[in-house]
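One file, query23.cif, is given below (mmCIF, C-alpha atoms).
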```cif
data_target
#
loop_
_atom_site.label_atom_id
_atom_site.label_comp_id
_atom_site.auth_asym_id
_atom_site.auth_seq_id
_atom_site.Cartn_x
_atom_site.Cartn_y
_atom_site.Cartn_z
CA MET U 140 0.00 0.00 0.00
CA LYS U 141 1.16 3.51 -0.86
CA THR U 142 0.24 6.85 0.68
CA ILE U 143 -0.32 9.63 -1.86
CA LEU U 144 -0.67 13.36 -1.22
CA ILE U 145 -2.88 15.33 -3.63
CA THR U 146 -2.63 19.10 -3.29
CA GLY U 147 -5.38 21.52 -4.24
CA ILE U 148 -7.96 18.79 -3.66
CA GLY U 149 -10.78 21.32 -3.84
CA GLY U 150 -10.20 21.70 -7.57
CA LEU U 151 -11.86 19.71 -10.33
CA THR U 152 -8.67 18.14 -11.69
CA PRO U 153 -7.22 16.95 -8.33
CA ARG U 154 -10.61 15.45 -7.46
CA SER U 155 -10.63 13.66 -10.80
CA ILE U 156 -7.13 12.33 -10.13
CA ALA U 157 -8.20 11.05 -6.71
CA THR U 158 -11.24 9.32 -8.23
CA VAL U 159 -9.16 7.43 -10.80
CA ILE U 160 -6.59 6.39 -8.17
CA ARG U 161 -9.44 5.10 -5.99
CA GLU U 162 -10.61 2.96 -8.91
CA ASN U 163 -7.19 1.66 -9.91
CA HIS U 164 -5.68 1.29 -6.43
CA PRO U 165 -8.43 0.84 -3.82
CA ASP U 166 -5.85 -0.12 -1.20
CA TYR U 167 -3.85 3.12 -1.51
CA LYS U 168 -4.23 5.78 1.17
CA LEU U 169 -5.06 9.24 -0.18
CA ILE U 170 -4.37 12.46 1.70
CA GLY U 171 -5.73 15.73 0.38
CA CYS U 172 -4.79 19.29 1.24
CA ASP U 173 -6.10 22.66 0.17
CA ILE U 174 -5.89 26.26 1.36
CA GLU U 175 -9.70 26.42 1.51
CA LYS U 176 -11.34 24.80 4.54
CA LYS U 177 -14.53 24.27 2.54
CA ALA U 178 -12.74 22.44 -0.30
CA MET U 179 -15.20 19.97 -1.86
CA GLY U 180 -12.63 17.24 -2.09
CA PHE U 181 -12.44 17.06 1.70
CA PHE U 182 -16.03 15.88 1.93
CA MET U 183 -16.82 14.03 -1.31
CA LYS U 184 -17.43 10.31 -1.66
CA THR U 185 -16.89 7.92 -4.56
CA LYS U 186 -19.61 5.91 -6.29
CA ASP U 187 -19.07 2.99 -3.92
CA GLY U 188 -19.52 5.21 -0.85
CA ARG U 189 -15.86 5.57 0.13
CA LYS U 190 -14.43 8.92 1.11
CA LEU U 191 -12.55 10.52 -1.75
CA VAL U 192 -9.57 11.07 0.57
CA ASP U 193 -8.76 9.18 3.75
CA GLU U 194 -7.48 12.29 5.54
CA TYR U 195 -7.51 15.97 4.69
CA PHE U 196 -5.71 19.08 5.92
CA VAL U 197 -5.98 22.83 5.43
CA ALA U 198 -2.59 23.97 4.10
CA PRO U 199 -0.78 27.31 4.28
CA ARG U 200 -0.52 29.24 1.04
CA CYS U 201 2.44 28.05 -1.01
CA ASN U 202 4.02 31.52 -1.15
CA THR U 203 4.29 31.85 2.64
CA PRO U 204 7.25 30.86 4.87
CA GLU U 205 5.05 28.33 6.68
CA TYR U 206 4.28 26.25 3.60
CA PHE U 207 7.28 23.97 3.16
CA PRO U 208 7.90 23.30 6.87
CA TRP U 209 4.24 22.27 6.97
CA ILE U 210 4.64 20.05 3.88
CA GLU U 211 7.83 18.47 5.24
CA LYS U 212 6.13 17.64 8.54
CA LEU U 213 3.10 16.19 6.71
CA VAL U 214 5.34 14.01 4.53
CA GLU U 215 7.21 12.74 7.58
CA THR U 216 4.29 12.14 9.95
CA LYS U 217 1.95 10.62 7.36
CA LYS U 218 4.72 8.66 5.63
CA ILE U 219 3.78 10.01 2.22
CA ASP U 220 5.35 8.06 -0.64
CA TYR U 221 4.76 10.63 -3.38
CA ALA U 222 2.54 13.53 -4.38
CA PHE U 223 0.38 14.89 -7.17
CA VAL U 224 0.98 18.65 -6.99
CA GLN U 225 -1.68 20.32 -9.11
CA PRO U 226 -2.09 24.08 -8.56
CA GLU U 227 0.38 25.76 -10.89
CA ALA U 228 1.54 28.21 -8.22
CA GLU U 229 2.53 25.24 -6.06
CA ILE U 230 4.33 23.54 -8.94
CA VAL U 231 6.52 26.62 -9.39
CA GLU U 232 7.25 26.76 -5.65
CA TRP U 233 8.15 23.06 -5.57
CA GLY U 234 10.52 23.76 -8.46
CA GLN U 235 12.18 26.48 -6.38
CA TYR U 236 12.38 24.09 -3.42
CA PHE U 237 14.24 21.60 -5.64
CA GLU U 238 16.69 24.27 -6.79
CA ASP U 239 17.35 25.29 -3.19
CA ASN U 240 17.61 21.77 -1.73
CA GLY U 241 18.54 19.44 -4.58
CA LYS U 242 15.45 17.33 -3.90
CA TYR U 243 11.67 17.58 -3.52
CA PRO U 244 9.86 17.16 -0.18
CA CYS U 245 8.78 13.77 -1.59
CA PRO U 246 8.85 12.17 -5.06
CA VAL U 247 6.80 14.03 -7.68
CA PHE U 248 6.63 14.13 -11.48
CA MET U 249 7.01 17.69 -12.74
CA GLY U 250 9.25 19.86 -14.86
CA SER U 251 11.93 22.34 -13.84
CA LYS U 252 11.11 25.71 -12.32
CA LEU U 253 12.23 27.52 -15.49
CA LEU U 254 9.92 25.52 -17.73
CA SER U 255 7.05 25.84 -15.24
CA GLU U 256 7.43 29.60 -14.83
CA SER U 257 7.77 30.14 -18.57
CA LEU U 258 4.56 28.29 -19.39
CA ARG U 259 2.48 29.34 -16.40
CA ASP U 260 2.69 33.02 -17.39
CA LYS U 261 1.02 33.39 -20.79
CA ALA U 262 2.86 36.64 -21.48
CA ILE U 263 6.26 34.93 -21.01
CA MET U 264 5.14 32.03 -23.19
CA ALA U 265 3.97 34.45 -25.88
CA GLN U 266 7.31 36.24 -25.77
CA LEU U 267 9.22 32.95 -26.12
CA LEU U 268 7.08 31.93 -29.10
CA GLU U 269 6.90 35.37 -30.69
CA GLY U 270 7.30 35.30 -34.45
CA THR U 271 6.72 31.55 -34.77
CA GLU U 272 3.87 29.58 -36.31
CA PHE U 273 2.82 28.34 -32.88
CA ILE U 274 0.88 31.29 -31.49
CA PRO U 275 -1.43 34.00 -32.80
CA LYS U 276 -0.21 37.58 -32.84
CA THR U 277 -0.06 38.45 -29.15
CA ILE U 278 0.98 41.38 -26.95
CA LYS U 279 1.01 41.86 -23.18
CA VAL U 280 -0.93 44.76 -21.71
CA THR U 281 -1.33 45.99 -18.15
CA GLN U 282 -3.70 48.27 -16.32
CA GLU U 283 -0.90 50.86 -16.16
CA ASN U 284 0.09 50.43 -19.83
CA PRO U 285 -2.95 49.37 -21.84
CA ARG U 286 -1.22 50.04 -25.20
CA PHE U 287 -4.39 51.19 -26.95
CA ASP U 288 -2.61 52.05 -30.22
CA ASP U 289 -0.78 48.71 -30.33
CA VAL U 290 -3.97 46.76 -29.70
CA LYS U 291 -5.68 48.65 -32.52
CA ASN U 292 -2.81 48.66 -35.04
CA GLU U 293 -0.74 45.52 -34.27
CA ILE U 294 -3.52 43.11 -33.32
CA GLY U 295 -6.63 44.71 -34.77
CA PHE U 296 -10.30 44.05 -34.09
CA PRO U 297 -11.89 41.71 -33.34
CA CYS U 298 -9.29 40.42 -30.88
CA TRP U 299 -9.18 38.20 -27.80
CA ILE U 300 -8.21 39.29 -24.29
CA ARG U 301 -7.49 37.14 -21.24
CA ALA U 302 -5.50 37.24 -17.99
CA THR U 303 -1.83 36.26 -18.22
CA GLU U 304 -2.20 33.76 -15.35
CA GLY U 305 -4.95 31.41 -14.35
CA THR U 306 -7.18 28.94 -16.13
CA GLY U 307 -10.87 28.66 -16.85
CA GLY U 308 -10.85 31.56 -19.33
CA LEU U 309 -10.09 34.14 -16.61
CA GLY U 310 -10.85 37.60 -17.99
CA SER U 311 -11.51 36.24 -21.48
CA LEU U 312 -13.57 38.18 -24.00
CA ARG U 313 -13.80 39.00 -27.67
CA LEU U 314 -13.20 42.73 -28.14
CA ASP U 315 -14.73 44.47 -31.14
CA ASP U 316 -13.50 48.03 -30.64
CA ILE U 317 -11.47 50.30 -28.37
CA ASP U 318 -14.53 51.20 -26.29
CA SER U 319 -15.16 47.55 -25.38
CA TYR U 320 -11.46 47.23 -24.51
CA ARG U 321 -11.60 50.25 -22.16
CA SER U 322 -14.74 48.87 -20.53
CA TRP U 323 -13.18 45.45 -19.98
CA LEU U 324 -10.09 46.95 -18.34
CA PHE U 325 -12.37 48.86 -15.96
CA ILE U 326 -14.53 45.83 -15.13
CA ASN U 327 -11.44 43.67 -14.51
CA SER U 328 -9.43 46.33 -12.68
CA ARG U 329 -8.20 43.78 -10.13
CA ILE U 330 -6.44 41.72 -12.82
CA PRO U 331 -3.05 43.42 -13.37
CA GLU U 332 -1.96 41.83 -16.67
CA PHE U 333 -3.62 40.56 -19.82
CA THR U 334 -2.62 39.20 -23.17
CA VAL U 335 -4.37 40.49 -26.28
CA SER U 336 -4.21 38.32 -29.38
CA GLU U 337 -5.81 37.94 -32.79
CA PHE U 338 -9.26 36.39 -32.70
CA LEU U 339 -9.31 32.76 -33.81
CA THR U 340 -12.54 31.43 -35.29
CA GLY U 341 -11.87 27.68 -35.52
CA ARG U 342 -12.24 24.71 -33.20
CA HIS U 343 -11.07 24.75 -29.59
CA LEU U 344 -8.76 21.75 -29.11
CA ALA U 345 -6.84 20.26 -26.20
CA ASN U 346 -3.89 17.90 -26.08
CA GLN U 347 -2.41 16.18 -23.03
CA MET U 348 1.20 14.98 -23.29
CA LEU U 349 3.77 13.15 -21.18
CA TYR U 350 7.48 13.93 -21.41
CA TYR U 351 10.30 12.22 -19.56
CA ASN U 352 13.72 13.92 -19.56
CA GLY U 353 13.15 15.31 -23.05
CA GLU U 354 11.53 12.20 -24.54
CA TYR U 355 8.04 12.68 -25.91
CA VAL U 356 6.38 9.53 -24.57
CA LYS U 357 2.69 9.84 -25.38
CA GLY U 358 -0.09 12.26 -26.19
CA ALA U 359 -3.80 12.36 -27.04
CA ALA U 360 -6.18 15.06 -28.24
CA LEU U 361 -9.80 16.11 -27.95
CA GLU U 362 -12.13 18.88 -29.06
CA CYS U 363 -13.93 21.16 -26.60
CA ALA U 364 -17.13 21.69 -28.56
CA GLU U 365 -19.52 23.23 -26.00
CA TYR U 366 -19.06 24.72 -22.52
CA VAL U 367 -20.85 24.27 -19.21
CA MET U 368 -22.94 27.35 -18.33
CA ALA U 369 -21.53 29.19 -21.34
CA ASN U 370 -24.13 31.94 -21.11
CA THR U 371 -22.84 32.95 -17.67
CA ALA U 372 -19.50 34.11 -19.11
CA PRO U 373 -19.20 37.16 -21.40
CA SER U 374 -16.80 35.18 -23.61
CA HIS U 375 -19.06 32.07 -23.58
CA VAL U 376 -15.90 30.16 -22.59
CA THR U 377 -15.97 28.87 -19.01
CA GLY U 378 -13.00 26.50 -19.08
CA ASN U 379 -15.35 23.59 -18.32
CA THR U 380 -16.39 21.60 -21.38
CA HIS U 381 -19.99 20.37 -21.57
CA PHE U 382 -19.62 18.39 -24.80
CA GLY U 383 -16.36 17.11 -26.24
CA ARG U 384 -15.04 14.76 -28.88
CA PHE U 385 -11.98 12.52 -28.56
CA LEU U 386 -9.87 12.97 -31.67
CA LYS U 387 -7.49 10.85 -33.75
CA GLU U 388 -5.74 13.71 -35.54
CA ASP U 389 -2.00 13.10 -35.50
CA ARG U 390 -1.25 16.63 -36.71
CA ILE U 391 -2.32 17.99 -33.30
CA ASN U 392 0.22 15.84 -31.44
CA GLU U 393 2.91 16.58 -34.03
CA PHE U 394 2.29 20.34 -33.81
CA CYS U 395 2.39 20.38 -30.00
CA ASP U 396 5.57 18.30 -29.89
CA ARG U 397 7.28 20.66 -32.33
CA CYS U 398 6.24 23.55 -30.10
CA ILE U 399 7.73 21.85 -27.03
CA LYS U 400 10.96 21.06 -28.90
CA TYR U 401 11.22 24.73 -29.88
CA LEU U 402 10.76 25.78 -26.24
CA GLU U 403 13.32 23.20 -25.08
CA LYS U 404 15.89 24.69 -27.44
CA LYS U 405 14.95 28.26 -26.52
CA LEU U 406 15.18 27.61 -22.77
CA GLY U 407 18.04 25.09 -22.89
CA ILE U 408 16.19 22.52 -20.77
CA PRO U 409 14.44 19.19 -21.44
CA ALA U 410 10.68 18.88 -21.17
CA HIS U 411 9.64 16.73 -18.24
CA GLY U 412 6.25 16.01 -16.70
CA ILE U 413 2.67 16.37 -17.88
CA LEU U 414 2.08 19.24 -20.32
CA SER U 415 -1.45 20.12 -21.40
CA PHE U 416 -2.18 22.28 -24.45
CA ASP U 417 -5.15 24.47 -25.25
CA LEU U 418 -5.30 25.33 -28.94
CA LYS U 419 -7.54 27.15 -31.40
CA GLU U 420 -7.70 26.96 -35.16
CA ASP U 421 -7.61 30.13 -37.23
CA LYS U 422 -9.95 30.75 -40.15
CA ASN U 423 -7.74 28.59 -42.38
CA GLY U 424 -7.60 25.66 -39.96
CA ASN U 425 -4.04 26.38 -38.80
CA LEU U 426 -3.34 25.40 -35.19
CA LYS U 427 -2.38 28.08 -32.67
CA VAL U 428 -1.39 27.61 -29.02
CA THR U 429 -3.45 29.64 -26.55
CA GLU U 430 -2.18 28.03 -23.33
CA VAL U 431 0.16 25.31 -22.06
CA ASN U 432 -0.61 24.02 -18.57
CA ILE U 433 2.21 22.46 -16.53
CA ARG U 434 0.02 19.76 -15.02
CA HIS U 435 -2.79 17.32 -15.69
CA MET U 436 -5.73 19.09 -17.31
CA ALA U 437 -9.38 18.90 -16.28
CA TYR U 438 -10.07 16.12 -18.80
CA THR U 439 -7.43 13.77 -17.38
CA GLY U 440 -10.00 11.61 -15.59
CA VAL U 441 -12.39 11.24 -18.50
CA MET U 442 -9.42 10.50 -20.80
CA ALA U 443 -8.32 7.78 -18.37
CA HIS U 444 -11.72 6.12 -18.70
CA VAL U 445 -11.31 5.75 -22.48
CA GLY U 446 -7.84 4.26 -22.27
CA PHE U 447 -5.48 7.25 -22.12
CA ASP U 448 -4.55 7.13 -18.45
CA LEU U 449 -1.76 9.59 -17.63
CA ILE U 450 -2.71 9.34 -13.95
CA GLU U 451 -1.67 5.69 -13.84
CA ASP U 452 1.40 6.50 -15.94
CA THR U 453 2.40 9.18 -13.43
CA ILE U 454 2.08 6.64 -10.61
CA LYS U 455 4.28 4.15 -12.51
CA ILE U 456 6.96 6.81 -13.00
CA MET U 457 6.96 7.87 -9.34
CA GLU U 458 6.95 4.29 -8.05
CA ASP U 459 9.57 2.97 -10.49
CA GLY U 460 11.77 6.05 -10.53
CA ASN U 461 11.86 5.85 -14.33
CA CYS U 462 9.62 5.72 -17.40
CA ASP U 463 10.46 2.18 -18.55
CA ASN U 464 7.01 0.70 -17.94
CA VAL U 465 5.01 3.46 -19.61
CA GLU U 466 3.62 2.59 -23.03
CA ARG U 467 5.03 4.69 -25.86
CA ALA U 468 2.12 6.21 -27.78
CA GLN U 469 3.05 9.55 -29.30
CA TYR U 470 -0.07 9.45 -31.49
CA TYR U 471 -2.57 7.74 -29.26
CA HIS U 472 -5.72 6.55 -31.03
CA TYR U 473 -8.84 5.77 -29.00
CA ASP U 474 -10.43 2.43 -29.87
CA LYS U 475 -13.84 4.00 -30.54
CA PRO U 476 -15.17 7.45 -31.62
CA TYR U 477 -15.96 8.41 -28.04
CA VAL U 478 -17.63 11.66 -27.03
CA PHE U 479 -18.32 12.94 -23.53
CA LEU U 480 -20.79 15.10 -21.64
CA ARG U 481 -19.99 17.02 -18.45
CA ASP U 482 -22.00 19.29 -16.19
CA VAL U 483 -21.97 20.79 -12.72
CA ASP U 484 -22.05 18.32 -9.79
CA VAL U 485 -22.36 15.15 -11.91
CA GLU U 486 -19.82 12.61 -13.12
CA PRO U 487 -18.89 12.87 -16.83
CA ILE U 488 -20.80 10.62 -19.22
CA ILE U 489 -18.85 8.84 -21.96
CA LEU U 490 -20.74 7.81 -25.10
CA ASP U 491 -19.70 5.62 -28.02
CA GLY U 492 -20.02 8.20 -30.78
CA GLU U 493 -22.51 10.94 -31.64
CA ASP U 494 -25.06 8.69 -33.38
CA ILE U 495 -26.88 8.30 -30.07
CA PHE U 496 -28.03 11.92 -30.29
CA ASN U 497 -29.90 11.13 -33.53
CA SER U 498 -31.91 8.33 -31.93
CA VAL U 499 -33.79 10.65 -29.57
CA LEU U 500 -37.41 11.25 -30.69
#
```

Would you mind giving the structure from this file in structure tokens?
Amino acid sequence: MKTILITGIGGLTPRSIATVIRENHPDYKLIGCDIEKKAMGFFMKTKDGRKLVDEYFVAPRCNTPEYFPWIEKLVETKKIDYAFVQPEAEIVEWGQYFEDNGKYPCPVFMGSKLLSESLRDKAIMAQLLEGTEFIPKTIKVTQENPRFDDVKNEIGFPCWIRATEGTGGLGSLRLDDIDSYRSWLFINSRIPEFTVSEFLTGRHLANQMLYYNGEYVKGAALECAEYVMANTAPSHVTGNTHFGRFLKEDRINEFCDRCIKYLEKKLGIPAHGILSFDLKEDKNGNLKVTEVNIRHMAYTGVMAHVGFDLIEDTIKIMEDGNCDNVERAQYYHYDKPYVFLRDVDVEPIILDGEDIFNSVL
């Protein structure tokens, strides 16, 4: 039996990770922590009535001096074997801890601090990829320097604005003119930085990939076709997909891997860990990167249930100390044309293709 720590257990993705581990390893002990005392993961149960986590703890914020002494004590007293660290802010701090101490508080599977910092901040990522095929035309703006002329002349309208950090479409909106841009800056005055980029009209795609010391091991793609509660967000993008399609389009994996190889060369470091892409197609169908997450993405659990299980692969890597027993599948193809439905407070539903929608009277 192993004891696994899952941080940020109040979030959708950590809860999904815990659920899959419960299914694959019912004898493992799961410990969850979160900065929020009302984190849902503390109190949830699985389908068979078990608690999602065996024990839970309210943690200090990761950017405080108390955080790592608290983590170290938790690892020691609860005899934690390894951890899934999910919030991106924590991943960056764990990277700093490794640089300072030459080790992590316990075994984890994540990339270096430099890679994590560079991808977490969308403005830094855009700067690294500037002038390449990988991203749309993008500039960083701030509340203090909104760059009205550059937005109008370099990017043009319509354009897309979103916060430089955070997921779930934070601050996202299509802007059609300078007046809408001014209004959005005022409404989101508490968000200090944004990126503004050309508006992409094609499909919203996602790709989850596993790298080990520079080796691209496996990856799989899907389409985010419709969003949960889309009408509640001005952008109609909530970061939570209601209806999605699992895809067998090798060009998506190939494009994302080329992007990672470019970043490896630019930063002088190997890719390592789970990297999750958000992409959009332009009007001509060309792929463009909108975001690269440095962790498992929200779909990791539903992907595991159709055969692409990066959660189990992560466990193998942390338990073995290497990647030898992970299947190589750079262009993973699902065995059926699966689609999925998700909503608030219900488990995702996986369906064998879209034909079922046509059978409803």

Return the single residue from U:Asn327, U:Ser322, U:Gln469, U:Thr453 that is closest to Phe394 of chain U, with distances computed using only C-alpha atoms.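 Among the listed residues, the smallest separation from Phe394 of chain U belongs to U:Gln469.
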
Which neighbours of Cys245 of chain U fall inside 7 Å, counting all atoms listed in the file, when residues of the same chain fewer than 2 positions from it are skipped, and could you give them as a short mmCIF file (atom, residue, chain, number, x, y, z; two decimals) with C-alpha atoms, in the coordinates of the input?
```
data_model
loop_
_atom_site.label_atom_id
_atom_site.label_comp_id
_atom_site.auth_asym_id
_atom_site.auth_seq_id
_atom_site.Cartn_x
_atom_site.Cartn_y
_atom_site.Cartn_z
CA ASP U 220 5.35 8.06 -0.64
CA TYR U 221 4.76 10.63 -3.38
CA ALA U 222 2.54 13.53 -4.38
CA TYR U 243 11.67 17.58 -3.52
CA VAL U 247 6.80 14.03 -7.68
#
```

Among the residues U:Arg434, U:Ile160, U:Tyr471, U:Arg154, the one that comes closest to Glu451 of chain U [using all atoms listed in the file]: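 So, comparing all the options, the nearest one is U:Ile160.
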
Return as a ChimeraX atom specification the set of residues that the PyMOL selection byres ((chain U and resi 436) around 9) yields on the displayed structure. /U:152,347,413-416,432-435,437-440

The selected residues should be written to file as an mmCIF file, in the coordinates of the input (atoms: C-alpha atoms).
```cif
data_model
loop_
_atom_site.group_PDB
_atom_site.id
_atom_site.type_symbol
_atom_site.label_atom_id
_atom_site.label_comp_id
_atom_site.auth_asym_id
_atom_site.auth_seq_id
_atom_site.Cartn_x
_atom_site.Cartn_y
_atom_site.Cartn_z
ATOM 1 C CA THR U 152 -8.670 18.140 -11.690
ATOM 2 C CA GLN U 347 -2.410 16.180 -23.030
ATOM 3 C CA ILE U 413 2.670 16.370 -17.880
ATOM 4 C CA LEU U 414 2.080 19.240 -20.320
ATOM 5 C CA SER U 415 -1.450 20.120 -21.400
ATOM 6 C CA PHE U 416 -2.180 22.280 -24.450
ATOM 7 C CA ASN U 432 -0.610 24.020 -18.570
ATOM 8 C CA ILE U 433 2.210 22.460 -16.530
ATOM 9 C CA ARG U 434 0.020 19.760 -15.020
ATOM 10 C CA HIS U 435 -2.790 17.320 -15.690
ATOM 11 C CA ALA U 437 -9.380 18.900 -16.280
ATOM 12 C CA TYR U 438 -10.070 16.120 -18.800
ATOM 13 C CA THR U 439 -7.430 13.770 -17.380
ATOM 14 C CA GLY U 440 -10.000 11.610 -15.590
#
```

Using the chain letters and numbering of this document, enumerate as JSON, numbers by chain the residues selected by the PyMOL selection byres ((chain U and resi 354) around 12). {"U": [348, 349, 350, 351, 352, 353, 355, 356, 357, 358, 396, 399, 400, 403, 408, 409, 410, 411, 412, 413, 462, 463, 465, 467, 468, 469]}

Name all residues at most 10 Å from Thr277 of chain U (count only C-alpha atoms; drop same-chain ones fewer than 6 positions away) and give them as a ChimeraX atom specification. /U:261-262,265-266,268-270,290,293-294,298-300,334-337,429

Any chance you could work out the residue set of the PyMOL selection byres ((chain U and resi 230-232) around 12) here, as a VMD selection string? chain U and resid 146 to 147 200 to 204 206 to 207 210 222 to 229 233 to 239 243 to 244 247 to 260 412 to 413 432 to 435

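Rounded to one decimal, atom CA of Glu175 of chain U and atom CA of Arg481 of chain U lie 24.3 Å from each other.
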
Suppose you want the space between atom CA of Asn240 of chain U and atom CA of Ile454 of chain U; what is it in Å?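 So the two atoms, atom CA of Asn240 of chain U and atom CA of Ile454 of chain U, lie 23.4 Å apart.
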
Residue nearest Ile495 of chain U among U:Val478, U:Met264, U:Leu314, U:Ile274 (counting all atoms listed in the file):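 Comparing U:Val478, U:Met264, U:Leu314, U:Ile274 against Ile495 of chain U, the winner is U:Val478.
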